[in-house]
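Student: Pasting a structure below so you can have a look.
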Amino acid sequence: MDRSLNKRVMVALDVQGREEALALAKALQGSGCWLKVGLELYAYSGPAMIQELKDMGFPIFLDLKLHDIPTTVERAIRGFVQCGVDMINIHCSGGYEMMSRSAHAVKEAGTKLGSVPKVIGVTVLTSMSEAQFRQEMAVQRDLREHVVALAKLAERAGLDGVVASAMEAGEIRRNTEPNFLIVTPGIRPAWSEAQDQARVLSPYEALAAGSSYLVVGRPITRAEDPRQALDRLWVR
């Protein structure tokens with residue numbers, strides 16, 4: 001078991017309350033993992049939650065998936081940089097200008113603060129299956145081709161990486177620079193259920209495919225002992 005791999009895990013705090021989030025953070029403190037604050041927790045707890053988690057020593061991925069006109073996203077993302085997050089994301093489908101202006105805004109605002117967060121783009125949600133993508137999205141290319149095209153556009157726009165399924169990670173890795181980040185949700189160890197994720201791989205499969213960071217939620221956060229569940233990710 002290699003616990004040093006915990007630094008590549010982002011535990012998704014998809015809970016509604018501050019107390020539950022802090023209890024999970026306390027259980028995971030000192031493990032080396034990141035914490036992911038998503039829309040659900042942010043809606044209930046706001047920016048103050050981020051500072052509390054930062055004070056506990058965690059790097060924070062703010063997962064709000066911003067998607068609006070370029071000016072709105074650029075202005076909003078400058079505000080989120082003030083929260084001290086280490087990573088933030090936007091939707092690649094917002095287009096090149098939105099991504100480019102966001103990357104510039106993060107760099108400019110972060111430089112003034114002395115810490116520049118990583119900004120990454122969401123490609124296709126891992127809850128969406130190939131069949132759903134074909135039937136519902138009306139995109140004239142297959143899912144993997146679409147994800148890779150968005151990743152290449154994100155890189156050209158100056159983003160640090162993308163959010164994508166580990167199933168597409170290998171193809172993205174072959175088509176982008178070596179330091180381009182690939183953050184992969186939909187990670188399920190062999191002992192857990194897929195639940196609402198459609199395109200999933202195990203932790204070791206995801207790393208082998210080229211993932212930089214693994215987002216893991218319920219297999220850890222709903223475990224009786226979250227710290228033990230985090231370490232169990234690496235049991236072969």
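If you're wondering about the labels, chains in the structure tokens are A, B, ... by order shown, residues count from 1 in each chain, ligands from 1 in order shown.
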Within range 88-191 of chain A, find each residue whose DSSP state, derived from the backbone, is alpha helix (DSSP H), and express the selection as number ranges by chain.
Tutor: A: 96-113, 130-136, 143-156, 166-175
Student: Under the rule of at most 9 Å, produce a per-residue listing of range 115-207 of chain A near range 75-84 of chain A: chain, number, name, the closest pair of atoms, and the distance in Å, as a Markdown table, using only C-alpha atoms.
Tutor:
| residue | atom | partner | partner_atom | distance |
| --- | --- | --- | --- | --- |
| A:Ser115 | CA | A:Gly84 | CA | 7.9 |
| A:Val116 | CA | A:Val81 | CA | 8.0 |
| A:Pro117 | CA | A:Val81 | CA | 7.1 |
Student: Could you save the residues just selected, with N, CA, C and O atoms, as a PDB file, in the first residue's frame?
Tutor:
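Produced file again39.pdb, reproduced below:
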ATOM      1  N   SER A 115      -0.182  33.778  -5.062  1.00  0.00           N
ATOM      2  CA  SER A 115      -0.480  32.359  -5.256  1.00  0.00           C
ATOM      3  C   SER A 115      -1.461  32.218  -6.408  1.00  0.00           C
ATOM      4  O   SER A 115      -2.596  32.708  -6.317  1.00  0.00           O
ATOM      5  N   VAL A 116      -1.032  31.555  -7.485  1.00  0.00           N
ATOM      6  CA  VAL A 116      -1.868  31.423  -8.678  1.00  0.00           C
ATOM      7  C   VAL A 116      -2.513  30.033  -8.709  1.00  0.00           C
ATOM      8  O   VAL A 116      -1.810  29.024  -8.831  1.00  0.00           O
ATOM      9  N   PRO A 117      -3.845  29.954  -8.581  1.00  0.00           N
ATOM     10  CA  PRO A 117      -4.512  28.649  -8.643  1.00  0.00           C
ATOM     11  C   PRO A 117      -4.427  28.047 -10.042  1.00  0.00           C
ATOM     12  O   PRO A 117      -4.239  28.762 -11.036  1.00  0.00           O
TER      13      PRO A 117
END
Student: Run DSSP on the backbone and grab whatever in range 93-216 of chain A lands in strand (DSSP E); send it over as a list of chain:residue names.
Tutor: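 Here are the strand (DSSP E) residues of range 93-216 of chain A: A:Lys118, A:Val119, A:Ile120, A:Gly121, A:Val122, A:Gly161, A:Val162, A:Val163, A:Leu181, A:Ile182, A:Val183, A:Thr184, A:Tyr213, A:Leu214, A:Val215, A:Val216.
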Student: I need the residue nearest Met10 in chain A from this list: A:Ala27, A:Cys92, A:Cys33, A:Leu233. Use only C-alpha atoms for the distance.
Tutor: A:Cys33
Student: Near range 63-70 of chain A, within 9 Å and counting only C-alpha atoms, which residues show up once chain neighbours fewer than 3 positions away are dropped, as JSON, numbers by chain?
Tutor: {"A": [36, 37, 38, 39, 42, 73, 74, 75, 76, 77, 87, 88, 89, 90, 91, 92, 93, 94, 95, 97, 98, 99, 100, 101, 102, 121, 122]}
Student: Skip Gln228 in chain A itself and residues of its chain fewer than 4 positions away, then list as an NGL selection string all residues within 12 Å of it, counting only C-alpha atoms.
Tutor: :A and (3 or 6 or 27-28 or 31 or 219-224 or 232-235)
Student: Just to be explicit: take each residue in the selection above, keep N, CA and C atoms, and write the result as a short mmCIF file (atom, residue, chain, number, x, y, z; two decimals), in the first residue's frame.
Tutor:
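Output below, filename again_17.cif:
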data_model
loop_
_atom_site.label_atom_id
_atom_site.label_comp_id
_atom_site.auth_asym_id
_atom_site.auth_seq_id
_atom_site.Cartn_x
_atom_site.Cartn_y
_atom_site.Cartn_z
N ARG A 3 0.73 4.98 0.57
CA ARG A 3 -0.08 6.10 1.04
C ARG A 3 0.37 7.45 0.48
N ASN A 6 -1.94 9.37 -1.78
CA ASN A 6 -3.07 10.17 -1.28
C ASN A 6 -3.01 11.61 -1.79
N ALA A 27 -11.41 14.01 10.02
CA ALA A 27 -11.07 12.58 9.88
C ALA A 27 -9.95 12.37 8.88
N LEU A 28 -9.85 13.26 7.88
CA LEU A 28 -8.86 13.10 6.81
C LEU A 28 -7.61 13.97 7.01
N SER A 31 -3.65 13.34 6.05
CA SER A 31 -3.55 12.21 5.12
C SER A 31 -2.81 12.59 3.84
N PRO A 219 -17.32 6.63 -1.83
CA PRO A 219 -16.57 5.50 -1.25
C PRO A 219 -15.77 5.89 -0.01
N ILE A 220 -15.41 7.18 0.09
CA ILE A 220 -14.69 7.67 1.27
C ILE A 220 -15.63 8.37 2.24
N THR A 221 -16.41 9.31 1.74
CA THR A 221 -17.20 10.17 2.64
C THR A 221 -18.35 9.44 3.32
N ARG A 222 -18.82 8.35 2.74
CA ARG A 222 -19.91 7.60 3.35
C ARG A 222 -19.42 6.36 4.08
N ALA A 223 -18.11 6.21 4.15
CA ALA A 223 -17.54 5.07 4.88
C ALA A 223 -17.62 5.32 6.38
N GLU A 224 -17.67 4.25 7.13
CA GLU A 224 -17.70 4.37 8.60
C GLU A 224 -16.42 5.04 9.09
N ARG A 232 -7.58 2.53 1.86
CA ARG A 232 -8.01 1.30 1.19
C ARG A 232 -8.02 1.44 -0.32
N LEU A 233 -8.05 2.67 -0.81
CA LEU A 233 -8.01 2.87 -2.27
C LEU A 233 -6.82 2.18 -2.90
N TRP A 234 -5.73 2.09 -2.14
CA TRP A 234 -4.46 1.62 -2.69
C TRP A 234 -4.18 0.15 -2.36
N VAL A 235 -5.18 -0.53 -1.81
CA VAL A 235 -5.03 -1.97 -1.55
C VAL A 235 -5.32 -2.70 -2.85
#
Student: I'd like the contact shell of range 171-176 of chain A - 9 Å cut-off, only C-alpha atoms, skipping same-chain residues fewer than 6 positions apart - returned as a list in words.
Tutor: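 The neighbour list is Arg144, Glu145, Val147, Val148, Ala149, Ala151, Lys152, Glu155, Ala164, Ile182, Ala209, Gly210 and Ser211 of chain A.
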Student: For a quick check of understanding, using only C-alpha atoms, which of A:Ser4, A:Met128, A:Val9, A:Leu35 has the smallest distance to Ala206 in chain A?
Tutor: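 Closest candidate: A:Val9.
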Student: Find the residue from A:Asp55, A:Asp86, A:Glu168, A:Asp14 that sits nearest to Gln29 in chain A; use only C-alpha atoms when measuring.
Tutor: A:Asp55
Student: Find the distance between CA of His146 in chain A and CA of Ser129 in chain A and write it in Å to one decimal.
Tutor: 13.2 Å
Student: Which residues are near Lys7 in chain A? Cut-off 10 Å, only C-alpha atoms, ignore same chain within fewer than 6 positions. Put them as a ChimeraX atom specification.
Tutor: /A:31-34,59,213-214
Student: Save out the residues we just selected, N, CA, C and O atoms, as a PDB file, in the first residue's frame.
Tutor:
ATOM      1  N   SER A  31      -3.652  13.342   6.050  1.00  0.00           N
ATOM      2  CA  SER A  31      -3.546  12.214   5.121  1.00  0.00           C
ATOM      3  C   SER A  31      -2.813  12.586   3.838  1.00  0.00           C
ATOM      4  O   SER A  31      -2.345  11.716   3.107  1.00  0.00           O
ATOM      5  N   GLY A  32      -2.736  13.892   3.538  1.00  0.00           N
ATOM      6  CA  GLY A  32      -2.087  14.344   2.319  1.00  0.00           C
ATOM      7  C   GLY A  32      -3.025  14.599   1.160  1.00  0.00           C
ATOM      8  O   GLY A  32      -2.606  15.101   0.115  1.00  0.00           O
ATOM      9  N   CYS A  33      -4.320  14.262   1.305  1.00  0.00           N
ATOM     10  CA  CYS A  33      -5.259  14.413   0.196  1.00  0.00           C
ATOM     11  C   CYS A  33      -5.721  15.862   0.031  1.00  0.00           C
ATOM     12  O   CYS A  33      -5.545  16.699   0.906  1.00  0.00           O
ATOM     13  N   TRP A  34      -6.297  16.145  -1.128  1.00  0.00           N
ATOM     14  CA  TRP A  34      -7.006  17.397  -1.385  1.00  0.00           C
ATOM     15  C   TRP A  34      -8.452  17.252  -0.904  1.00  0.00           C
ATOM     16  O   TRP A  34      -8.937  16.130  -0.701  1.00  0.00           O
ATOM     17  N   PRO A  59      -5.125  21.396   0.492  1.00  0.00           N
ATOM     18  CA  PRO A  59      -5.291  22.092  -0.784  1.00  0.00           C
ATOM     19  C   PRO A  59      -6.751  21.936  -1.224  1.00  0.00           C
ATOM     20  O   PRO A  59      -7.348  20.871  -1.014  1.00  0.00           O
ATOM     21  N   TYR A 213      -4.953  13.657 -11.096  1.00  0.00           N
ATOM     22  CA  TYR A 213      -5.650  13.643  -9.808  1.00  0.00           C
ATOM     23  C   TYR A 213      -6.925  12.822  -9.945  1.00  0.00           C
ATOM     24  O   TYR A 213      -7.563  12.812 -10.999  1.00  0.00           O
ATOM     25  N   LEU A 214      -7.298  12.164  -8.861  1.00  0.00           N
ATOM     26  CA  LEU A 214      -8.489  11.330  -8.830  1.00  0.00           C
ATOM     27  C   LEU A 214      -9.506  11.936  -7.869  1.00  0.00           C
ATOM     28  O   LEU A 214      -9.186  12.205  -6.708  1.00  0.00           O
TER      29      LEU A 214
END
